>>> print(open('upload-v3.txt').read())   # compact mmCIF, C-alpha atoms
# COMPACT_ATOMS: atom_id res chain seq x y z
CA MET A 109 0.00 0.00 0.00
CA ALA A 110 1.21 3.55 -0.69
CA ASP A 111 3.30 5.07 2.12
CA GLY A 112 2.80 1.97 4.28
CA ILE A 113 5.64 0.19 6.03
CA GLY A 114 6.51 -3.39 6.79
CA ASP A 115 8.29 -5.06 9.67
CA ASP A 116 11.62 -4.90 7.84
CA MET A 117 11.58 -1.26 6.63
CA THR A 118 14.38 0.84 8.13
CA LEU A 119 15.35 4.51 8.13
CA SER A 120 18.12 3.74 5.63
CA GLU A 121 15.42 2.74 3.11
CA TYR A 122 13.23 5.75 3.84
CA GLU A 123 12.33 8.25 1.13
CA PHE A 124 10.28 11.36 1.78
CA PRO A 125 6.84 10.94 0.12
CA THR A 126 6.03 13.73 -2.34
CA SER A 127 3.42 12.21 -4.65
CA ARG A 128 0.55 14.23 -3.11
CA LEU A 129 2.46 17.44 -2.53
CA ARG A 130 1.53 20.18 -4.99
CA ARG A 131 4.69 21.72 -6.42
CA ARG A 132 3.17 24.89 -7.87
CA ILE A 133 0.60 27.54 -6.92
CA GLN A 134 -0.93 30.07 -9.29
CA SER A 135 -0.84 33.14 -7.03
CA SER A 136 2.38 34.80 -5.91
CA ASP A 137 0.44 36.68 -3.23
CA ARG A 138 -0.46 33.58 -1.25
CA THR A 139 1.84 31.56 0.98
CA PRO A 140 1.93 27.80 0.35
CA LEU A 141 0.90 25.84 3.45
CA VAL A 142 1.63 22.24 4.47
CA LEU A 143 -0.37 20.86 7.40
CA ILE A 144 1.25 18.29 9.70
CA ALA A 145 -0.80 16.16 12.08
CA CYS A 146 1.34 14.32 14.63
CA GLY A 147 -0.21 11.73 16.90
CA SER A 148 -0.80 8.14 17.89
CA PHE A 149 -3.61 7.46 15.38
CA SER A 150 -4.41 4.23 17.19
CA PRO A 151 -6.57 3.95 15.20
CA ILE A 152 -7.15 6.85 12.81
CA THR A 153 -10.78 8.03 12.74
CA PHE A 154 -12.99 10.10 10.47
CA LEU A 155 -12.45 13.09 12.79
CA HIS A 156 -8.71 12.99 12.13
CA LEU A 157 -9.43 13.16 8.41
CA ARG A 158 -12.12 15.84 8.76
CA MET A 159 -9.62 18.05 10.59
CA PHE A 160 -7.58 18.37 7.39
CA GLU A 161 -10.61 19.34 5.31
CA MET A 162 -11.77 21.86 7.93
CA ALA A 163 -8.30 23.39 8.10
CA ALA A 164 -8.08 23.66 4.31
CA ASP A 165 -11.44 25.45 4.18
CA TYR A 166 -10.41 27.76 7.00
CA ALA A 167 -7.11 28.62 5.32
CA ARG A 168 -8.87 29.28 2.02
CA PHE A 169 -11.51 31.64 3.40
CA ASN A 170 -9.72 33.30 6.31
CA THR A 171 -5.99 33.53 5.55
CA GLN A 172 -3.49 34.27 2.80
CA PHE A 173 -2.30 30.65 2.88
CA GLU A 174 -2.88 28.16 0.09
CA VAL A 175 -2.74 24.51 1.12
CA VAL A 176 -0.39 22.49 -1.09
CA GLY A 177 -0.25 19.31 0.96
CA ALA A 178 -0.66 17.61 4.30
CA TYR A 179 0.87 14.69 6.20
CA LEU A 180 -0.02 12.29 8.96
CA SER A 181 2.98 11.45 11.14
CA CYS A 182 2.56 8.55 13.55
CA VAL A 183 4.48 8.58 16.80
CA GLY A 184 7.02 5.79 17.20
CA ASP A 185 6.78 2.73 19.42
CA ALA A 186 8.98 4.34 22.08
CA TYR A 187 6.04 6.56 23.03
CA LYS A 188 4.46 4.48 25.77
CA LYS A 189 0.74 5.10 25.75
CA THR A 190 -2.26 2.95 26.54
CA GLY A 191 -3.79 1.39 23.44
CA LEU A 192 -0.78 2.04 21.21
CA VAL A 193 -0.40 -0.81 18.72
CA LYS A 194 2.81 -1.27 16.72
CA SER A 195 3.78 1.67 14.53
CA GLU A 196 3.68 -0.60 11.48
CA HIS A 197 -0.04 -1.11 12.00
CA ARG A 198 -0.75 2.56 12.68
CA VAL A 199 1.11 3.76 9.59
CA ASN A 200 -0.63 1.15 7.47
CA MET A 201 -4.06 2.14 8.80
CA CYS A 202 -3.32 5.80 8.07
CA SER A 203 -2.24 4.90 4.54
CA LEU A 204 -5.46 2.99 3.99
CA ALA A 205 -7.51 5.87 5.40
CA VAL A 206 -6.13 8.41 2.90
CA GLN A 207 -6.15 6.18 -0.18
CA GLN A 208 -8.83 8.33 -1.82
CA SER A 209 -7.29 11.67 -0.88
CA SER A 210 -5.45 13.67 -3.52
CA TRP A 211 -3.52 15.83 -1.04
CA ILE A 212 -3.14 14.06 2.34
CA GLY A 213 -0.12 11.77 2.63
CA VAL A 214 1.50 9.62 5.30
CA ASP A 215 5.14 10.07 6.28
CA PRO A 216 6.60 7.06 8.18
CA TRP A 217 9.82 8.87 9.18
CA GLU A 218 8.83 9.52 12.81
CA ALA A 219 7.39 6.02 13.24
CA LEU A 220 10.60 4.41 11.98
CA HIS A 221 12.65 5.81 14.86
CA SER A 222 13.32 3.55 17.80
CA GLU A 223 13.56 6.56 20.12
CA TYR A 224 10.82 9.06 20.94
CA LEU A 225 10.96 12.25 18.87
CA GLU A 226 9.60 15.55 20.14
CA THR A 227 7.06 17.31 17.92
CA ALA A 228 9.53 20.13 17.28
CA LYS A 229 12.01 17.67 15.72
CA VAL A 230 9.28 16.19 13.52
CA LEU A 231 8.30 19.64 12.24
CA ASP A 232 11.98 20.40 11.60
CA HIS A 233 12.09 17.24 9.47
CA PHE A 234 9.25 18.48 7.25
CA GLU A 235 10.83 21.94 7.06
CA GLU A 236 14.09 20.41 5.84
CA GLU A 237 12.51 18.01 3.34
CA ILE A 238 10.04 20.48 1.82
CA ASN A 239 11.89 23.80 2.01
CA GLY A 240 15.48 22.58 2.25
CA VAL A 241 15.69 19.61 -0.12
CA LEU A 242 12.81 20.52 -2.45
CA GLY A 243 13.24 24.28 -2.17
CA GLY A 244 9.56 25.01 -1.58
CA VAL A 245 7.05 25.33 -4.43
CA GLU A 246 6.92 27.21 -7.70
CA THR A 247 4.90 30.43 -8.08
CA PRO A 248 4.61 32.85 -11.06
CA ALA A 249 7.29 34.94 -9.32
CA GLY A 250 9.65 32.03 -8.66
CA LYS A 251 10.12 29.53 -5.85
CA LYS A 252 8.54 30.24 -2.49
CA LYS A 253 9.10 28.46 0.81
CA CYS A 254 6.13 26.66 2.33
CA ARG A 255 4.73 27.43 5.73
CA ILE A 256 4.88 24.22 7.75
CA ALA A 257 2.17 24.23 10.43
CA LEU A 258 0.96 21.84 13.07
CA LEU A 259 -2.64 20.64 12.80
CA ALA A 260 -4.19 19.41 16.03
CA GLY A 261 -7.31 19.22 18.16
CA ALA A 262 -7.98 21.68 20.95
CA ASP A 263 -7.00 19.02 23.47
CA LEU A 264 -3.37 19.41 22.32
CA ILE A 265 -3.42 23.16 22.93
CA GLN A 266 -4.90 22.43 26.33
CA THR A 267 -1.88 20.26 27.18
CA MET A 268 0.42 23.05 25.97
CA SER A 269 -1.20 25.42 28.43
CA THR A 270 -0.91 22.92 31.31
CA PRO A 271 2.26 23.53 33.37
CA GLY A 272 4.81 20.73 33.25
CA VAL A 273 3.40 18.82 30.26
CA TRP A 274 5.44 20.52 27.53
CA ALA A 275 8.87 22.09 27.78
CA GLU A 276 8.49 25.87 27.54
CA ALA A 277 11.29 25.96 24.96
CA ASP A 278 9.43 23.48 22.74
CA ILE A 279 6.17 25.45 22.92
CA ASP A 280 7.99 28.64 21.98
CA TYR A 281 9.89 26.94 19.15
CA ILE A 282 6.80 25.29 17.64
CA LEU A 283 4.42 28.24 17.88
CA LYS A 284 7.01 30.86 16.89
CA ASN A 285 8.53 29.02 13.93
CA PHE A 286 5.60 26.95 12.65
CA GLY A 287 2.31 27.87 14.27
CA ALA A 288 -0.74 25.69 14.74
CA PHE A 289 -4.18 25.22 13.24
CA ILE A 290 -6.41 24.07 16.09
CA VAL A 291 -9.79 22.38 15.66
CA GLU A 292 -12.24 22.85 18.52
CA ARG A 293 -13.21 19.62 20.26
CA THR A 294 -16.09 18.74 22.54
CA GLY A 295 -15.18 19.04 26.21
CA THR A 296 -12.22 21.41 25.73
CA ASP A 297 -12.40 25.05 26.83
CA ILE A 298 -10.44 26.60 23.98
CA ASP A 299 -10.48 30.11 25.47
CA GLU A 300 -9.00 28.87 28.71
CA ALA A 301 -6.41 26.82 26.83
CA LEU A 302 -5.36 29.84 24.77
CA SER A 303 -5.23 32.23 27.72
CA THR A 304 -1.66 31.22 28.62
CA LEU A 305 -0.49 31.14 25.00
CA GLN A 306 -1.07 34.81 24.21
CA PRO A 307 2.55 35.53 23.21
CA TRP A 308 1.97 33.32 20.15
CA LYS A 309 -1.67 34.22 19.42
CA ASP A 310 -0.87 35.47 15.91
CA ASN A 311 0.45 32.01 15.00
CA ILE A 312 -2.54 30.07 16.33
CA TRP A 313 -5.59 29.67 14.11
CA VAL A 314 -8.72 28.28 15.81
CA ILE A 315 -11.19 26.38 13.62
CA GLN A 316 -14.78 25.90 14.72
CA GLN A 317 -16.47 22.57 14.11
CA LEU A 318 -19.64 23.51 12.25
CA VAL A 319 -20.74 19.87 12.48
CA GLN A 320 -19.85 18.54 15.92
CA ASN A 321 -17.86 15.33 15.89
CA ASP A 322 -16.44 13.78 19.04
CA ILE A 323 -15.19 10.48 17.66
CA SER A 324 -11.94 9.51 19.35
CA SER A 325 -9.46 6.67 19.07
CA THR A 326 -10.09 5.91 22.73
CA LYS A 327 -13.79 5.31 22.02
CA ILE A 328 -12.97 3.10 19.03
CA ARG A 329 -10.71 0.94 21.19
CA LEU A 330 -13.42 0.76 23.86
CA PHE A 331 -16.00 -0.35 21.29
CA ARG A 332 -13.65 -3.07 20.11
CA ARG A 333 -13.09 -4.36 23.64
CA ARG A 334 -16.84 -4.46 24.18
CA ASP A 335 -17.44 -6.22 20.86
CA MET A 336 -19.41 -3.26 19.50
CA SER A 337 -19.58 -2.05 15.91
CA ILE A 338 -17.03 0.53 14.73
CA ARG A 339 -18.39 0.85 11.20
CA TYR A 340 -18.94 4.41 9.93
CA LEU A 341 -16.68 5.75 12.70
CA VAL A 342 -13.44 4.87 10.90
CA PRO A 343 -12.83 4.37 7.15
CA GLU A 344 -13.96 0.98 5.89
CA PRO A 345 -10.47 -0.19 4.82
CA VAL A 346 -9.30 0.56 8.36
CA VAL A 347 -12.18 -1.49 9.79
CA GLN A 348 -11.09 -4.39 7.60
CA TYR A 349 -7.45 -4.00 8.66
CA ILE A 350 -8.36 -3.94 12.36
CA GLU A 351 -10.42 -7.11 11.98
CA GLU A 352 -7.82 -8.95 9.90
CA ASN A 353 -5.03 -8.14 12.34
CA VAL A 354 -7.16 -8.61 15.47
CA LEU A 355 -6.28 -5.17 16.86
CA TYR A 356 -7.67 -3.49 20.00
CA ASP A 357 -9.11 -6.79 21.19
CA GLU A 358 -7.43 -7.10 24.59
CA ASP A 359 -10.22 -9.08 26.22
CA GLY A 360 -10.82 -11.45 23.32
CA ALA A 361 -14.48 -10.52 22.84
CA ALA A 362 -14.13 -9.22 19.31
CA SER A 363 -12.08 -12.21 18.22
CA ALA A 364 -14.63 -14.63 19.58
CA SER A 365 -17.39 -12.72 17.84
CA GLY A 366 -15.43 -12.65 14.61
CA GLU A 367 -15.00 -16.41 14.66
CA ALA A 368 -18.61 -16.99 15.54
CA GLY A 369 -19.81 -14.65 12.83
CA LYS A 370 -17.75 -16.12 9.99
CA GLY A 371 -19.87 -17.46 7.21
CA LYS A 372 -23.05 -16.07 8.73
CA GLY A 373 -23.26 -12.85 6.79
CA LYS A 374 -21.51 -10.55 9.29
CA ALA A 375 -19.12 -8.13 7.61
CA ALA A 376 -16.00 -6.72 9.28
CA GLY A 377 -16.86 -4.23 11.99
CA GLU A 378 -20.59 -4.82 11.89
CA SER A 379 -22.70 -5.09 15.00
CA GLY A 380 -23.09 -8.57 16.45
CA GLY A 381 -26.66 -7.59 17.35
CA VAL A 382 -27.89 -8.18 13.80
CA ALA A 383 -29.55 -11.54 13.29
CA PRO A 384 -27.41 -13.84 11.06
CA LYS A 385 -28.73 -14.98 7.70
>>> encode(input="upload-v3.txt", output="structure tokens")
Amino acid sequence: MADGIGDDMTLSEYEFPTSRLRRRIQSSDRTPLVLIACGSFSPITFLHLRMFEMAADYARFNTQFEVVGAYLSCVGDAYKKTGLVKSEHRVNMCSLAVQQSSWIGVDPWEALHSEYLETAKVLDHFEEEINGVLGGVETPAGKKKCRIALLAGADLIQTMSTPGVWAEADIDYILKNFGAFIVERTGTDIDEALSTLQPWKDNIWVIQQLVQNDISSTKIRLFRRRDMSIRYLVPEPVVQYIEENVLYDEDGAASASGEAGKGKGKAAGESGGVAPK
């Protein structure tokens, strides 16, 4: 699968993916923008994907940026977090989720590292690959460097404003040099979260969710453990991948249901409450 990785892929074999990165914009007045979403994506959900589309609309109607590409960057296995399956699986699920997108890609660079990488280092990687190696994008007036920006939910900004969670130097580096597009999320007080980040307010763009969506990876994992349907909450190819690789099934319920439902008309991810044929 495109941008996916296998057990044996190493950093020495890595190549920066550029197939979905636009290399030219038509207006010299606009600044090319590349959105970077860093996270666990265990698993990726429709909300993760909607965040890109919402950010692109926001940039188009409210800023002088022009989106030329976007990337999902999965955290590596060294990041110890509940519910984190192997990075190979998470990168593959992300790749499946964006198969139909013309502009969202998956970069496995972060996931291929055995050590944990801070978000600032990941953003530096994209800055180097896109503006250093590639030299930015073409405009009618010549090449122009892209703005690399973090894309995240409001819960991330909330952690930035919580003392002791992020290093102050990292917050300053990220928000001063890159900036962040932040999508409001249910249960997060965005005004309170932003109150301590005022020095960087001009580099933080807050995007309202016009259609509320509170799907989370945590809820998907919970549904799996309880043998409940996850269809229409994550992309269908991801549902299939989760079923085939028996992911997020710590208590064995989903596996037992999957075996029992084989050959009885139950598709991957469907509710076990539907009467078999």
>>> axis_aligned_box(input="upload-v3.txt", around="region 176-193 of chain A", padding_each_side="5 Å", output="JSON")
{"center_x": 2.6, "center_y": 10.8, "center_z": 12.7, "size_x": 22.8, "size_y": 33.3, "size_z": 37.6}
>>> atom_distance(input="upload-v3.txt", atom1="CA of Phe289 (chain A)", atom2="CA of Glu218 (chain A)")
20.4 Å
>>> residues_around(input="upload-v3.txt", residues="Ser337 (chain A)", least_positions_apart="2", cutoff="8 Å", atoms="all atoms listed in the file", output="number ranges by chain")
A: 331-332, 335, 339, 377-380
>>> closest_residue(input="upload-v3.txt", among="A:Glu161, A:Asp215, A:Asp263, A:Glu351", to="Leu302 (chain A)", atoms="only C-alpha atoms")
A:Asp263
>>> residues_around(input="upload-v3.txt", residues="Asp278 (chain A)", least_positions_apart="3", cutoff="10 Å", atoms="all atoms listed in the file", output="list in words")
Glu226, Thr227, Ala228, Lys229, Met268, Trp274, Ala275, Tyr281, Ile282, Leu283 and Lys284 of chain A
>>> closest_residue(input="upload-v3.txt", among="A:Ser222, A:Ser195, A:Ser325, A:Asn353", to="Thr153 (chain A)", atoms="all atoms listed in the file")
A:Ser325
>>> atom_distance(input="upload-v3.txt", atom1="CA of Arg168 (chain A)", atom2="CA of Leu242 (chain A)")
23.8 Å
>>> closest_residue(input="upload-v3.txt", among="A:Phe286, A:Pro216, A:Asp280, A:Gly261", to="Ala163 (chain A)", atoms="all atoms listed in the file")
A:Gly261
>>> closest_residue(input="upload-v3.txt", among="A:Lys251, A:His233, A:Lys189, A:Arg158", to="Arg131 (chain A)", atoms="only C-alpha atoms")
A:Lys251
>>> closest_residue(input="upload-v3.txt", among="A:Gln316, A:Asn285, A:Asn311, A:Ser324", to="Ile298 (chain A)", atoms="all atoms listed in the file")
A:Gln316
>>> closest_residue(input="upload-v3.txt", among="A:Ala262, A:Ile323, A:Ala375, A:Val273", to="Glu300 (chain A)", atoms="all atoms listed in the file")
A:Ala262
>>> atom_distance(input="upload-v3.txt", atom1="CA of Val176 (chain A)", atom2="CA of Ile212 (chain A)")
9.5 Å
>>> residues_around(input="upload-v3.txt", residues="region 191-193 of chain A", least_positions_apart="6", cutoff="12 Å", atoms="only C-alpha atoms", output="PyMOL selection string")
chain A and resi 147-152+182-185+199-201+219+325-330+332-333+350+353-358
>>> residues_near_point(input="upload-v3.txt", point="(5.1, 27.1, -9.4)", cutoff="12 Å", atoms="all atoms listed in the file", output="list of chain:residue names")
A:Arg130, A:Arg131, A:Arg132, A:Ile133, A:Gln134, A:Ser135, A:Ser136, A:Arg138, A:Thr139, A:Pro140, A:Val176, A:Gly243, A:Gly244, A:Val245, A:Glu246, A:Thr247, A:Pro248, A:Ala249, A:Gly250, A:Lys251, A:Lys252, A:Lys253, A:Cys254
